[in-house]
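Colleague: Below you'll find the structure I mean.
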Amino acid sequence: MEEHGHDPHIHVEAKVGRGDAAVRNVLASTFGLAGDLPSVVDTGCGLRVPYAMTSPRPDRVTCLACREYAGREHLRLAEMLERLGLMPGSTVSDTEAKQAAERHRDLAKRFSGN
C-alpha cells in the first residue's frame with residue numbers, strides 16, 4: 001500500500017463492513033473491553049492514510065475510487081447475507097438476512113451516487 005502524503009480526501013477503510021471500529025464497539029459492548037484503533041489504515045483505493053481521514057458514511061467520502069470500492073463491497077456483503085439467511089441451521093433468519101442485505105444495498109446505492 002502506498003502512503004498518503006498530503007492527500008486531502010476522505011477515504012473508505014479497506015475492511016468495509018467489518019472495520020476495526022465495528023469490532024471495537026462489539027467488544028466494548030459485550031465484554032467491556034476497548035482496544036486502540038490503528039493510527040494508519042489501508043483504504044479501498046490502495047492508499048494508507050490516518051484512520052481519522054476515513055469514514056464509513058457515503059456523504060463524507062470524497063475519494064472517488066474509495067466510493068466505487070465501497071459500493072462494490074456493500075453489494076458483495078448484501079449477497080453474502082442473503083445466502084446466510086437461506087442456509088439450514090443459520091442463526092440469522094431469512095427475514096433478518098434480507099433486512100441486513102437491504103441496508104447494504106442502500107449503502108452501495110448511496111456510495112455510487114444513485
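How things are named: the first chain in the C-alpha cells is A, the next is B, and so on; residues count from 1 in each chain; ligands count from 1 in the order shown.
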Among segment 26-109 of chain A, which residues carry a DSSP assignment of alpha helix (DSSP H), reported as a PyMOL selection string?
Modeller: chain A and resi 26-31+64-86+94-109
Colleague: What does the distance between atom CA of Arg60 of chain A and atom CA of His11 of chain A come to in Å, to one decimal place?
Modeller: 8.5 Å
Colleague: Would you kindly return, as number ranges by chain, each protein, DNA or RNA residue with an atom no farther than 9 Å from any atom of segment 68-79 of chain A, considering only C-alpha atoms and excluding same-chain residues fewer than 6 positions away?
Modeller: A: 12-17, 44-45, 56, 58, 97-98, 100-112
Colleague: Write to file, as a short mmCIF file (atom, residue, chain, number, x, y, z; two decimals), in the first residue's frame, the residues of the selection just made, with N, CA and C atoms.
Modeller:
```
data_model
loop_
_atom_site.label_atom_id
_atom_site.label_comp_id
_atom_site.auth_asym_id
_atom_site.auth_seq_id
_atom_site.Cartn_x
_atom_site.Cartn_y
_atom_site.Cartn_z
N VAL A 12 -12.37 5.40 2.37
CA VAL A 12 -13.09 4.27 2.98
C VAL A 12 -12.04 3.27 3.41
N GLU A 13 -12.16 2.80 4.64
CA GLU A 13 -11.25 1.75 5.10
C GLU A 13 -11.46 0.50 4.25
N ALA A 14 -10.38 -0.21 3.93
CA ALA A 14 -10.46 -1.38 3.05
C ALA A 14 -11.34 -2.48 3.65
N LYS A 15 -11.51 -2.49 4.95
CA LYS A 15 -12.34 -3.51 5.61
C LYS A 15 -13.78 -3.02 5.71
N VAL A 16 -14.38 -2.70 4.60
CA VAL A 16 -15.76 -2.18 4.59
C VAL A 16 -16.69 -3.17 5.27
N GLY A 17 -17.49 -2.66 6.20
CA GLY A 17 -18.47 -3.50 6.87
C GLY A 17 -17.91 -4.37 7.97
N GLY A 44 -9.76 1.61 0.42
CA GLY A 44 -10.29 0.97 -0.77
C GLY A 44 -9.57 1.35 -2.05
N CYS A 45 -8.92 2.51 -2.07
CA CYS A 45 -8.21 2.96 -3.27
C CYS A 45 -6.75 2.53 -3.27
N PRO A 56 -17.09 5.61 7.14
CA PRO A 56 -17.98 4.61 6.54
C PRO A 56 -19.22 5.25 5.93
N PRO A 58 -21.31 7.44 3.31
CA PRO A 58 -21.22 7.87 1.91
C PRO A 58 -21.17 9.39 1.74
N ALA A 97 -31.74 -11.58 7.51
CA ALA A 97 -30.71 -11.52 6.47
C ALA A 97 -31.13 -10.59 5.34
N LYS A 98 -32.40 -10.67 4.96
CA LYS A 98 -32.90 -9.80 3.88
C LYS A 98 -32.86 -8.33 4.31
N ALA A 100 -30.82 -6.94 6.54
CA ALA A 100 -29.42 -6.51 6.57
C ALA A 100 -28.89 -6.33 5.14
N ALA A 101 -29.29 -7.23 4.24
CA ALA A 101 -28.86 -7.12 2.84
C ALA A 101 -29.39 -5.83 2.22
N GLU A 102 -30.62 -5.49 2.54
CA GLU A 102 -31.19 -4.24 2.01
C GLU A 102 -30.44 -3.01 2.52
N ARG A 103 -30.01 -3.05 3.78
CA ARG A 103 -29.22 -1.93 4.32
C ARG A 103 -27.91 -1.79 3.55
N HIS A 104 -27.28 -2.92 3.23
CA HIS A 104 -26.03 -2.87 2.47
C HIS A 104 -26.28 -2.41 1.03
N ARG A 105 -27.38 -2.84 0.44
CA ARG A 105 -27.70 -2.37 -0.92
C ARG A 105 -27.97 -0.86 -0.93
N ASP A 106 -28.63 -0.38 0.11
CA ASP A 106 -28.88 1.05 0.23
C ASP A 106 -27.56 1.81 0.34
N LEU A 107 -26.64 1.30 1.16
CA LEU A 107 -25.33 1.94 1.28
C LEU A 107 -24.59 1.91 -0.06
N ALA A 108 -24.66 0.79 -0.77
CA ALA A 108 -24.00 0.69 -2.07
C ALA A 108 -24.55 1.74 -3.03
N LYS A 109 -25.85 1.91 -3.02
CA LYS A 109 -26.50 2.91 -3.87
C LYS A 109 -26.03 4.32 -3.49
N ARG A 110 -25.96 4.60 -2.20
CA ARG A 110 -25.53 5.91 -1.74
C ARG A 110 -24.06 6.17 -2.08
N PHE A 111 -23.21 5.16 -2.03
CA PHE A 111 -21.81 5.33 -2.41
C PHE A 111 -21.67 5.58 -3.90
N SER A 112 -22.54 4.96 -4.70
CA SER A 112 -22.45 5.15 -6.15
C SER A 112 -23.12 6.43 -6.61
#
```
